[in-house]
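**Q** Data: structure.tsv, TSV, C-alpha atoms.
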```
chain	number	residue	atom	x	y	z
A	27	MET	CA	0.00	0.00	0.00
A	28	ILE	CA	2.88	2.39	0.75
A	29	VAL	CA	4.46	1.85	-2.66
A	30	LEU	CA	1.08	2.17	-4.38
A	31	ALA	CA	0.49	5.52	-2.64
A	32	ILE	CA	3.97	6.73	-3.58
A	33	THR	CA	3.43	5.63	-7.18
A	34	ILE	CA	0.06	7.38	-7.47
A	35	ALA	CA	1.44	10.57	-5.91
A	36	SER	CA	4.52	10.54	-8.17
A	37	CYS	CA	2.53	9.85	-11.33
A	38	THR	CA	0.06	12.59	-10.44
A	39	TYR	CA	2.92	15.05	-10.01
A	40	ILE	CA	4.54	14.00	-13.31
A	41	PHE	CA	1.24	14.38	-15.14
A	42	TRP	CA	0.72	17.82	-13.61
A	43	ARG	CA	4.29	18.96	-14.31
A	44	PHE	CA	4.11	18.09	-17.99
A	45	ARG	CA	0.43	18.91	-18.50
A	46	THR	CA	1.27	21.66	-21.03
A	47	ALA	CA	3.28	19.33	-23.28
A	48	TRP	CA	2.15	18.81	-26.88
A	49	PHE	CA	2.86	16.63	-29.90
A	50	PHE	CA	6.57	16.74	-30.56
A	51	GLY	CA	9.25	15.31	-32.81
A	52	ASP	CA	8.83	11.64	-33.70
A	53	GLU	CA	5.18	11.62	-32.63
A	54	TRP	CA	4.33	13.30	-35.92
A	55	SER	CA	5.62	10.24	-37.73
A	56	TYR	CA	2.87	8.20	-36.07
A	57	ILE	CA	0.32	10.92	-36.81
A	58	VAL	CA	1.25	11.59	-40.43
A	59	ASP	CA	3.23	8.70	-41.94
A	60	ARG	CA	1.37	5.76	-40.39
A	61	ARG	CA	-1.99	7.38	-41.04
A	62	ALA	CA	-1.05	7.97	-44.68
A	63	ALA	CA	0.11	4.36	-45.13
A	64	TRP	CA	-3.15	3.08	-43.65
A	65	SER	CA	-5.34	5.34	-45.81
A	66	GLU	CA	-3.44	4.18	-48.90
A	67	GLY	CA	-4.13	0.53	-48.06
A	68	ARG	CA	-0.53	-0.24	-47.07
A	69	TYR	CA	-1.61	-1.88	-43.85
A	70	GLY	CA	1.55	-3.89	-43.39
A	71	ASP	CA	3.74	-0.78	-43.71
A	72	ALA	CA	1.48	1.13	-41.34
A	73	LEU	CA	1.79	-1.51	-38.62
A	74	PHE	CA	5.14	-3.18	-39.16
A	75	LEU	CA	7.65	-0.83	-40.78
A	76	PRO	CA	10.22	-0.04	-38.07
A	77	HIS	CA	10.58	3.36	-36.53
A	78	ASN	CA	14.31	3.86	-36.96
A	79	GLU	CA	15.37	0.30	-36.03
A	80	HIS	CA	12.52	-0.43	-33.63
A	81	TRP	CA	9.56	-2.76	-34.05
A	82	THR	CA	6.77	-0.60	-32.62
A	83	THR	CA	3.49	-2.22	-33.69
A	84	LEU	CA	1.84	-1.99	-30.26
A	85	PRO	CA	2.74	1.70	-29.63
A	86	ILE	CA	1.47	2.48	-33.14
A	87	ILE	CA	-1.85	0.78	-32.38
A	88	ALA	CA	-2.13	2.55	-29.00
A	89	PHE	CA	-1.28	5.94	-30.47
A	90	SER	CA	-3.66	5.41	-33.39
A	91	ALA	CA	-6.50	4.42	-31.05
A	92	LEU	CA	-6.01	7.60	-29.01
A	93	PHE	CA	-5.78	9.64	-32.21
A	94	LYS	CA	-9.06	8.13	-33.43
A	95	VAL	CA	-10.83	9.40	-30.31
A	96	PHE	CA	-9.00	12.61	-29.44
A	97	ALA	CA	-7.13	13.55	-32.65
A	98	LEU	CA	-4.91	16.60	-31.94
A	99	LYS	CA	-7.43	18.36	-29.72
A	100	THR	CA	-5.61	17.54	-26.48
A	101	TYR	CA	-2.35	15.88	-25.51
A	102	LEU	CA	-3.47	14.81	-22.05
A	103	PRO	CA	-4.79	11.32	-22.92
A	104	TYR	CA	-1.51	10.49	-24.65
A	105	LEU	CA	0.46	11.75	-21.66
A	106	GLY	CA	-1.89	9.87	-19.34
A	107	LEU	CA	-1.12	6.55	-21.05
A	108	LEU	CA	2.61	7.18	-20.70
A	109	VAL	CA	2.34	8.05	-17.01
A	110	ALA	CA	0.12	5.00	-16.35
A	111	LEU	CA	2.74	2.73	-17.94
A	112	HIS	CA	5.39	4.35	-15.77
A	113	GLY	CA	3.26	3.56	-12.72
A	114	VAL	CA	3.10	-0.10	-13.76
A	115	THR	CA	6.89	-0.08	-14.16
A	116	VAL	CA	7.41	1.33	-10.65
A	117	MET	CA	5.17	-1.32	-9.10
A	118	ALA	CA	6.87	-4.08	-11.10
A	119	LEU	CA	10.28	-2.85	-9.99
A	120	HIS	CA	9.23	-2.89	-6.35
A	121	SER	CA	7.96	-6.45	-6.66
A	122	LEU	CA	11.18	-7.54	-8.37
A	123	LEU	CA	13.32	-5.87	-5.69
A	124	ARG	CA	11.53	-7.91	-3.03
A	125	ARG	CA	12.02	-11.12	-5.00
A	126	ILE	CA	15.78	-10.66	-5.40
A	127	GLY	CA	16.23	-10.30	-1.65
A	128	VAL	CA	16.15	-6.56	-1.07
A	129	GLY	CA	14.60	-5.72	2.30
A	130	ARG	CA	11.19	-4.12	2.70
A	131	VAL	CA	12.46	-0.62	3.48
A	132	ALA	CA	15.13	-0.71	0.78
A	133	SER	CA	12.63	-1.95	-1.81
A	134	ILE	CA	10.29	0.92	-0.98
A	135	ALA	CA	13.17	3.37	-1.25
A	136	GLY	CA	14.27	1.86	-4.57
A	137	ALA	CA	10.75	2.12	-5.99
A	138	SER	CA	10.49	5.70	-4.70
A	139	LEU	CA	13.74	6.59	-6.43
A	140	PHE	CA	12.45	5.27	-9.73
A	141	ALA	CA	9.00	6.82	-9.28
A	142	LEU	CA	10.56	10.27	-9.74
A	143	PHE	CA	13.50	9.21	-11.86
A	144	GLY	CA	14.78	12.48	-13.22
A	145	ALA	CA	17.64	10.82	-15.07
A	146	GLY	CA	15.02	9.32	-17.40
A	147	ALA	CA	12.71	12.34	-17.46
A	148	GLU	CA	12.36	12.29	-21.25
A	149	ASN	CA	10.44	9.03	-20.89
A	150	LEU	CA	8.14	10.66	-18.34
A	151	SER	CA	7.18	13.64	-20.50
A	152	TRP	CA	6.98	12.47	-24.12
A	153	ALA	CA	4.10	10.16	-24.99
A	154	PHE	CA	6.05	8.77	-27.93
A	155	GLN	CA	8.13	6.90	-25.35
A	156	ILE	CA	5.28	4.54	-24.47
A	157	GLY	CA	7.33	2.02	-26.44
A	158	PHE	CA	10.44	2.27	-24.27
A	159	VAL	CA	8.49	2.49	-21.01
A	160	GLY	CA	6.26	-0.39	-22.08
A	161	SER	CA	9.26	-2.59	-22.86
A	162	ILE	CA	10.82	-1.94	-19.45
A	163	ALA	CA	7.52	-2.72	-17.69
A	164	LEU	CA	7.06	-5.94	-19.68
A	165	GLY	CA	10.68	-6.95	-19.13
A	166	LEU	CA	10.49	-6.48	-15.36
A	167	LEU	CA	7.23	-8.43	-15.23
A	168	HIS	CA	8.88	-11.17	-17.28
A	169	LEU	CA	11.76	-11.40	-14.77
A	170	ILE	CA	9.24	-11.66	-11.93
A	171	VAL	CA	7.62	-14.62	-13.70
A	172	VAL	CA	11.04	-16.21	-14.26
A	173	ASP	CA	11.70	-16.05	-10.52
A	174	ARG	CA	8.49	-17.90	-9.68
A	175	PRO	CA	8.12	-21.70	-9.44
A	176	GLU	CA	8.01	-23.25	-12.88
A	177	THR	CA	4.47	-24.20	-13.87
A	178	LEU	CA	2.67	-24.39	-17.20
A	179	ARG	CA	0.98	-21.11	-16.36
A	180	SER	CA	4.26	-19.32	-15.60
A	181	LEU	CA	5.87	-20.67	-18.77
A	182	LEU	CA	2.97	-19.52	-20.95
A	183	THR	CA	2.84	-16.15	-19.21
A	184	GLY	CA	6.55	-15.62	-19.75
A	185	SER	CA	6.25	-16.63	-23.39
A	186	LEU	CA	3.40	-14.16	-23.91
A	187	LEU	CA	5.25	-11.32	-22.16
A	188	GLY	CA	8.30	-11.85	-24.36
A	189	LEU	CA	6.20	-12.01	-27.53
A	190	VAL	CA	4.32	-8.81	-26.68
A	191	ASN	CA	7.55	-7.07	-25.72
A	192	VAL	CA	9.32	-7.53	-29.05
A	193	MET	CA	6.39	-5.75	-30.72
A	194	THR	CA	6.82	-2.77	-28.40
A	195	SER	CA	10.36	-1.42	-28.91
A	196	GLY	CA	13.98	-2.37	-29.43
A	197	LEU	CA	14.47	-2.28	-25.66
A	198	ALA	CA	12.77	-5.67	-25.65
A	199	ILE	CA	16.02	-7.24	-26.89
A	200	PRO	CA	18.17	-6.42	-23.82
A	201	MET	CA	15.22	-7.24	-21.55
A	202	LEU	CA	14.98	-10.68	-23.17
A	203	ILE	CA	18.74	-11.06	-22.83
A	204	ALA	CA	18.31	-10.42	-19.10
A	205	VAL	CA	15.67	-13.17	-19.00
A	206	VAL	CA	17.94	-15.56	-20.92
A	207	ALA	CA	20.84	-14.81	-18.55
A	208	ALA	CA	18.70	-15.38	-15.44
A	209	LEU	CA	17.44	-18.72	-16.76
A	210	ALA	CA	20.93	-19.74	-17.87
A	211	PHE	CA	22.30	-19.09	-14.39
A	212	GLN	CA	19.53	-21.36	-13.07
A	213	ARG	CA	20.32	-23.98	-15.77
A	214	ARG	CA	16.67	-23.95	-16.87
A	215	TYR	CA	17.31	-24.39	-20.58
A	216	ARG	CA	13.95	-25.93	-21.48
A	217	ALA	CA	12.17	-23.06	-19.75
A	218	MET	CA	14.43	-20.63	-21.62
A	219	ALA	CA	13.24	-22.01	-24.96
A	220	ILE	CA	9.61	-21.51	-23.94
A	221	HIS	CA	10.09	-18.07	-22.37
A	222	VAL	CA	12.09	-16.60	-25.25
A	223	GLY	CA	11.60	-18.90	-28.25
A	224	PRO	CA	8.30	-17.48	-29.60
A	225	ALA	CA	9.59	-13.91	-29.22
A	226	ALA	CA	12.81	-14.80	-31.06
A	227	VAL	CA	10.93	-16.46	-33.92
A	228	ALA	CA	8.53	-13.52	-34.19
A	229	TYR	CA	11.36	-10.99	-34.18
A	230	ILE	CA	13.36	-12.83	-36.83
A	231	THR	CA	10.26	-13.13	-39.02
A	232	TRP	CA	9.54	-9.42	-38.63
A	233	TYR	CA	13.15	-8.48	-39.37
A	234	VAL	CA	13.25	-10.56	-42.56
A	235	THR	CA	9.96	-9.11	-43.82
A	236	TYR	CA	10.07	-5.51	-42.59
A	237	GLY	CA	12.84	-4.73	-40.11
A	238	HIS	CA	15.76	-4.92	-42.54
A	239	LYS	CA	14.26	-2.07	-44.58
A	240	ARG	CA	15.49	0.50	-42.07
A	241	THR	CA	18.79	-0.85	-40.79
A	242	PRO	CA	21.41	1.67	-39.61
A	243	SER	CA	23.17	3.35	-42.53
A	244	THR	CA	26.43	3.81	-40.60
A	245	ILE	CA	27.84	1.07	-38.37
A	246	LYS	CA	31.15	1.77	-36.63
A	247	PRO	CA	32.32	-1.16	-34.48
A	248	GLU	CA	35.34	0.82	-33.32
A	249	PHE	CA	33.01	3.03	-31.25
A	250	TRP	CA	31.02	0.24	-29.61
A	251	ALA	CA	33.21	-0.21	-26.51
A	252	SER	CA	33.30	3.51	-25.68
A	253	TYR	CA	29.54	3.74	-26.22
A	254	VAL	CA	28.86	0.89	-23.78
A	255	GLU	CA	31.30	2.31	-21.24
A	256	ARG	CA	29.71	5.76	-21.41
A	257	GLY	CA	26.22	4.33	-21.04
A	258	VAL	CA	27.06	2.14	-18.05
A	259	PHE	CA	29.00	4.86	-16.22
A	260	ALA	CA	26.28	7.46	-16.88
A	261	THR	CA	23.62	5.06	-15.60
A	262	LEU	CA	25.43	4.47	-12.33
A	263	GLU	CA	26.24	8.16	-11.83
A	264	GLU	CA	22.78	9.49	-12.65
A	265	THR	CA	20.94	6.80	-10.71
A	266	THR	CA	22.93	7.38	-7.53
A	267	HIS	CA	23.65	11.05	-8.21
A	268	LEU	CA	27.32	10.39	-7.41
A	269	ARG	CA	29.00	12.49	-10.08
A	270	GLN	CA	32.21	11.06	-11.54
A	271	GLY	CA	31.57	7.86	-9.60
A	272	GLY	CA	30.62	5.62	-12.51
A	273	ALA	CA	33.95	3.81	-12.78
A	274	VAL	CA	34.15	3.17	-9.02
A	275	LEU	CA	30.57	1.89	-8.86
A	276	ALA	CA	31.17	-0.33	-11.89
A	277	VAL	CA	34.18	-1.91	-10.17
A	278	LEU	CA	32.21	-2.42	-6.96
A	279	LEU	CA	29.38	-4.06	-8.91
A	280	LEU	CA	31.90	-6.36	-10.57
A	281	ILE	CA	33.33	-7.35	-7.17
A	282	ALA	CA	29.81	-8.00	-5.86
A	283	ALA	CA	28.98	-10.08	-8.95
A	284	VAL	CA	32.06	-12.21	-8.31
A	285	ARG	CA	30.79	-12.75	-4.77
A	286	TRP	CA	27.35	-13.76	-6.13
A	287	TRP	CA	28.78	-16.14	-8.72
A	288	PRO	CA	29.25	-19.25	-6.51
A	289	ASN	CA	25.52	-19.05	-5.68
A	290	ARG	CA	24.52	-17.79	-9.12
A	291	ALA	CA	21.30	-19.80	-9.20
A	292	GLU	CA	20.04	-17.88	-6.17
A	293	SER	CA	21.39	-14.57	-7.52
A	294	SER	CA	20.28	-15.28	-11.09
A	295	VAL	CA	17.82	-12.40	-11.45
A	296	ALA	CA	20.25	-9.84	-10.00
A	297	LEU	CA	22.98	-11.07	-12.34
A	298	GLY	CA	20.46	-11.06	-15.19
A	299	LEU	CA	19.66	-7.42	-14.47
A	300	LEU	CA	23.36	-6.54	-14.73
A	301	VAL	CA	23.68	-8.47	-18.00
A	302	GLY	CA	20.58	-6.68	-19.30
A	303	MET	CA	21.96	-3.25	-18.41
A	304	VAL	CA	25.25	-3.83	-20.22
A	305	SER	CA	23.59	-5.55	-23.19
A	306	MET	CA	21.19	-2.62	-23.59
A	307	PHE	CA	24.04	-0.32	-24.51
A	308	ALA	CA	25.73	-3.06	-26.54
A	309	VAL	CA	22.56	-3.48	-28.63
A	310	PHE	CA	22.08	0.24	-29.16
A	311	ALA	CA	25.77	0.74	-29.91
A	312	ILE	CA	25.31	-1.15	-33.18
A	313	GLY	CA	23.05	1.51	-34.66
A	314	ARG	CA	23.74	4.54	-32.48
A	315	SER	CA	27.46	4.70	-31.68
A	316	SER	CA	28.11	6.70	-34.86
A	317	PHE	CA	26.36	9.62	-33.10
A	318	GLY	CA	29.11	9.64	-30.48
A	319	ALA	CA	29.55	8.01	-27.09
A	320	ASP	CA	27.68	10.78	-25.26
A	321	GLN	CA	24.50	9.71	-27.03
A	322	ALA	CA	24.50	6.67	-24.75
A	323	ALA	CA	23.81	9.02	-21.82
A	324	SER	CA	20.51	10.16	-23.35
A	325	SER	CA	17.65	10.41	-20.88
A	326	ARG	CA	15.53	7.95	-22.90
A	327	TYR	CA	18.14	5.21	-22.41
A	328	LEU	CA	18.95	6.01	-18.77
A	329	TYR	CA	15.32	5.34	-17.87
A	330	GLY	CA	15.67	1.70	-18.91
A	331	SER	CA	19.21	1.13	-17.67
A	332	GLY	CA	18.37	2.81	-14.35
A	333	ALA	CA	15.47	0.41	-13.80
A	334	LEU	CA	17.90	-2.46	-14.35
A	335	ALA	CA	20.63	-0.99	-12.13
A	336	ILE	CA	18.73	-0.09	-8.95
A	337	GLY	CA	18.36	-3.67	-7.67
A	338	PRO	CA	21.99	-4.72	-8.23
A	339	LEU	CA	23.23	-1.48	-6.65
A	340	ILE	CA	21.24	-2.15	-3.45
A	341	LEU	CA	22.37	-5.77	-3.33
A	342	MET	CA	25.96	-4.65	-3.94
A	343	THR	CA	25.82	-2.49	-0.84
A	344	CYS	CA	24.39	-5.34	1.22
A	345	THR	CA	27.07	-7.72	-0.09
A	346	LEU	CA	30.10	-5.51	0.42
A	347	ILE	CA	29.12	-3.92	3.75
A	348	ARG	CA	28.61	-6.59	6.38
A	349	ASP	CA	27.98	-4.33	9.34
A	350	GLN	CA	24.20	-3.86	9.40
A	351	ARG	CA	24.29	-0.53	11.22
A	352	LEU	CA	26.83	0.97	8.82
A	353	ARG	CA	24.94	-0.48	5.87
A	354	LYS	CA	21.69	1.06	7.12
A	355	TRP	CA	23.21	4.52	7.37
A	356	MET	CA	24.97	4.28	4.03
A	357	LEU	CA	21.84	3.12	2.23
A	358	SER	CA	19.77	5.83	3.93
A	359	GLY	CA	22.21	8.54	2.90
A	360	ALA	CA	22.55	7.20	-0.63
A	361	PHE	CA	18.79	7.00	-1.12
A	362	ALA	CA	18.25	10.50	0.28
A	363	LEU	CA	20.82	11.91	-2.15
A	364	ALA	CA	19.57	9.89	-5.12
A	365	ILE	CA	15.86	10.57	-4.57
A	366	ALA	CA	16.37	14.30	-3.99
A	367	GLY	CA	18.73	14.60	-6.95
A	368	ASN	CA	16.48	12.75	-9.35
A	369	ALA	CA	13.32	14.55	-8.22
A	370	SER	CA	15.09	17.87	-8.78
A	371	ALA	CA	16.30	16.68	-12.19
A	372	ILE	CA	12.70	16.28	-13.36
A	373	ASN	CA	12.06	19.98	-12.84
A	374	LEU	CA	15.32	20.97	-14.51
A	375	PHE	CA	14.48	18.79	-17.50
A	376	ALA	CA	10.92	20.12	-17.64
A	377	ILE	CA	12.07	23.72	-18.01
A	378	GLY	CA	14.14	23.12	-21.12
A	379	ARG	CA	11.89	20.48	-22.62
A	380	LEU	CA	8.64	22.39	-22.29
A	381	ASP	CA	10.26	25.52	-23.74
A	382	ALA	CA	11.27	23.50	-26.81
A	383	VAL	CA	7.85	21.85	-27.08
A	384	HIS	CA	5.98	25.16	-26.77
A	385	ALA	CA	8.22	26.80	-29.38
A	386	SER	CA	7.64	23.87	-31.75
A	387	LYS	CA	3.89	24.04	-31.14
A	388	ALA	CA	3.85	27.77	-31.87
A	389	ARG	CA	5.65	27.28	-35.20
A	390	ILE	CA	3.39	24.41	-36.25
A	391	LEU	CA	0.15	26.18	-35.33
A	392	ALA	CA	1.33	29.41	-36.97
A	393	THR	CA	1.74	27.48	-40.21
A	394	ALA	CA	-1.60	25.70	-39.78
A	395	ARG	CA	-3.32	29.08	-39.35
A	396	ARG	CA	-1.95	30.59	-42.55
A	397	PRO	CA	-4.87	31.67	-44.72
A	398	ASP	CA	-2.89	30.85	-47.86
A	399	LEU	CA	-1.90	27.36	-46.72
A	400	GLY	CA	-4.13	25.69	-49.29
A	401	GLN	CA	-2.71	27.80	-52.14
A	402	LEU	CA	0.99	27.30	-51.50
A	403	THR	CA	2.77	25.88	-54.55
A	404	THR	CA	5.89	24.96	-52.58
A	405	ASP	CA	5.56	22.75	-49.52
A	406	ILE	CA	7.05	24.16	-46.33
A	407	VAL	CA	8.57	22.66	-43.17
A	408	PRO	CA	7.22	24.55	-40.15
A	409	ASP	CA	9.59	22.97	-37.60
A	410	PRO	CA	12.81	21.80	-39.30
A	411	ASP	CA	14.73	21.49	-36.03
A	412	PHE	CA	12.53	18.94	-34.28
A	413	THR	CA	10.06	17.71	-36.91
A	414	PRO	CA	11.69	17.81	-40.35
A	415	GLY	CA	9.25	15.26	-41.74
A	416	LEU	CA	6.16	17.41	-41.05
A	417	ARG	CA	5.03	19.49	-44.04
A	418	GLY	CA	2.56	22.27	-44.57
A	419	SER	CA	0.51	19.93	-46.77
A	420	HIS	CA	0.16	17.54	-43.81
A	421	LEU	CA	-1.16	20.34	-41.64
A	422	ARG	CA	-3.57	21.45	-44.36
A	423	ASP	CA	-5.06	17.97	-44.51
A	424	LEU	CA	-5.31	17.71	-40.71
A	425	VAL	CA	-7.00	21.10	-40.44
A	426	SER	CA	-9.42	20.42	-43.27
A	427	SER	CA	-10.35	17.09	-41.68
A	428	GLY	CA	-11.08	18.80	-38.36
A	429	LEU	CA	-8.33	16.82	-36.61
A	430	LEU	CA	-6.18	19.83	-35.75
A	431	PRO	CA	-8.08	22.74	-34.22
A	432	VAL	CA	-6.18	25.90	-35.13
A	433	GLY	CA	-7.71	27.86	-32.25
A	434	GLN	CA	-5.45	26.17	-29.68
A	435	LYS	CA	-3.13	28.35	-27.64
```
Translate the structure of the given file into structure tokens.
**A**
Amino acid sequence: MIVLAITIASCTYIFWRFRTAWFFGDEWSYIVDRRAAWSEGRYGDALFLPHNEHWTTLPIIAFSALFKVFALKTYLPYLGLLVALHGVTVMALHSLLRRIGVGRVASIAGASLFALFGAGAENLSWAFQIGFVGSIALGLLHLIVVDRPETLRSLLTGSLLGLVNVMTSGLAIPMLIAVVAALAFQRRYRAMAIHVGPAAVAYITWYVTYGHKRTPSTIKPEFWASYVERGVFATLEETTHLRQGGAVLAVLLLIAAVRWWPNRAESSVALGLLVGMVSMFAVFAIGRSSFGADQAASSRYLYGSGALAIGPLILMTCTLIRDQRLRKWMLSGAFALAIAGNASAINLFAIGRLDAVHASKARILATARRPDLGQLTTDIVPDPDFTPGLRGSHLRDLVSSGLLPVGQK
């Protein structure tokens, strides 16, 4: 009940803080490109063409359903879905923390930290990120199922969670790797095939038919190691709010993992979480490292890697500090710093983000209100910085269809 109350309060605050957000950046691809493909009868392209490298069928369906009801009249339902998914993620994380052996108080503190996780604030403010947030929620739920006694029901549930996850975003891949690692440490190879097999077959089938059409144009293996290193260090620093402490924390986690290894079956989920965190940046390095190593520290990625890191960080402290009194004070101080720092980071992020969103909205609506929009012989791009794919002709069609009210402020 305590965690539920904290989750509701945190989600309410997040919704209120970003209540003035509006459709931004990649969201217009769902609104314009997918809608156009569907209206032209290209149903497969509308549902299955990747967004960048991601399979996002379920977010497309969710976004399209909301668009069917609310169009562009209000952003709040879209934001509400995102915040609700974040709430599910917080509750799933708390349950997983309890299952891996984190104490009651520490599990509440860990869930509270993630409830207002400023390091991943982009995923708390941009409805487009329902894909990433959904994949983290599904992945954590999948790990909870893995840690339960093996029954036909748990096997089928895990299989379904994995299958749904791969249709949600590319973050499903490292989450499934975490599941595979946890099951491998338990030597449950038959269960592994059932938990992950259908998702793997579905993903391969999708990639052969649609996914390969938008593979990364530039792949630079020489940057992969630095990308992974930057992502892992940034995750540890931003989660704990210990600046410049990423390398030290990484070493301490490695020492703790060595301590866990002799009893790896019992520590399988914690080890799986660590494997998932590292593999997340390894997977994204393939297509994203050409943008530079600092791209790995993007808020959208830190949300997922932070959810994977919180449990191992708590267990690391419990493993390396034997004195219970000292451990209690260290954990209390660390949580106080991390929760305060991350809660503050949400507000700092909101200031810059909402300014950018409001400026983009003003440019788009100014173009939509042009009286000569229907007579323009040359198409225009109202927001080239954030939405280069949106054209004046798109806005004309949305306005004429009554989907975009131009009287909005």
**Q** Could you jot down the atom CA of His420 of chain A to atom CA of Phe89 of chain A separation for me, Å, one decimal place?
**A** 17.7 Å
**Q** Sort by chain and increasing residue number a table of all residues of segment 196-279 of chain A within 8 Å of segment 149-168 of chain A, each with its closest pair of atoms and their distance in Å to one decimal, counting all atoms listed in the file, and write it as CSV.
**A**
```
residue,atom,partner,partner_atom,distance
A:Gly196,CA,A:Phe158,CA,7.8
A:Leu197,CA,A:Ser161,CA,5.9
A:Ala198,CA,A:Ser161,CA,5.4
A:Met201,CA,A:Gly165,CA,5.2
A:Leu202,CA,A:Gly165,CA,7.0
A:Val205,CA,A:His168,CA,7.3
```
**Q** Can those selected residues be exported to a file as a CSV table (one decimal), in the coordinates of the input so that it contains C-alpha atoms?
**A**
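This went into out-v5.csv:
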```
chain,number,residue,atom,x,y,z
A,196,GLY,CA,14.0,-2.4,-29.4
A,197,LEU,CA,14.5,-2.3,-25.7
A,198,ALA,CA,12.8,-5.7,-25.6
A,201,MET,CA,15.2,-7.2,-21.6
A,202,LEU,CA,15.0,-10.7,-23.2
A,205,VAL,CA,15.7,-13.2,-19.0
```
**Q** Looking at all atoms listed in the file, which of A:Ile340, A:Ala219, A:Leu416, A:Ala118 is the one that sits closest to Leu169 of chain A?
**A**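 Of all the options, A:Ala118 lies closest to Leu169 of chain A.
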**Q** Need the shell around segment 71-74 of chain A: protein/DNA/RNA residues with any atom at most 8 Å away, counting all atoms listed in the file. Skip same-chain ones fewer than 4 positions apart. Format as a list in words?
**A**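 What passes the distance filter is Asp59, Arg60, Arg61, Ala63, Trp64, Trp81, Thr82, Thr83, Ile86, Ile87, Trp232, Tyr236 and Gly237 of chain A.
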**Q** Using all atoms listed in the file, which of the listed residues (A:Pro288, A:Gly106, A:Pro410, A:Pro175) sits closest to Thr38 of chain A?
**A**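 Of A:Pro288, A:Gly106, A:Pro410, A:Pro175, the one nearest Thr38 of chain A is A:Gly106, counting all atoms listed in the file.
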**Q** Go ahead and compute the interatomic distance for atom CA of Phe317 of chain A and atom CA of Phe249 of chain A, in Å to one decimal.
**A**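 Rounded to one decimal, the two atoms are 9.5 Å apart.
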**Q** Please list as an MDAnalysis selection string every residue within 9 Å of Thr343 of chain A, counting all atoms listed in the file and excluding residues in the same chain fewer than 3 positions away.
**A** chainID A and resid 278:279 282 338:340 346:348 353 356:357
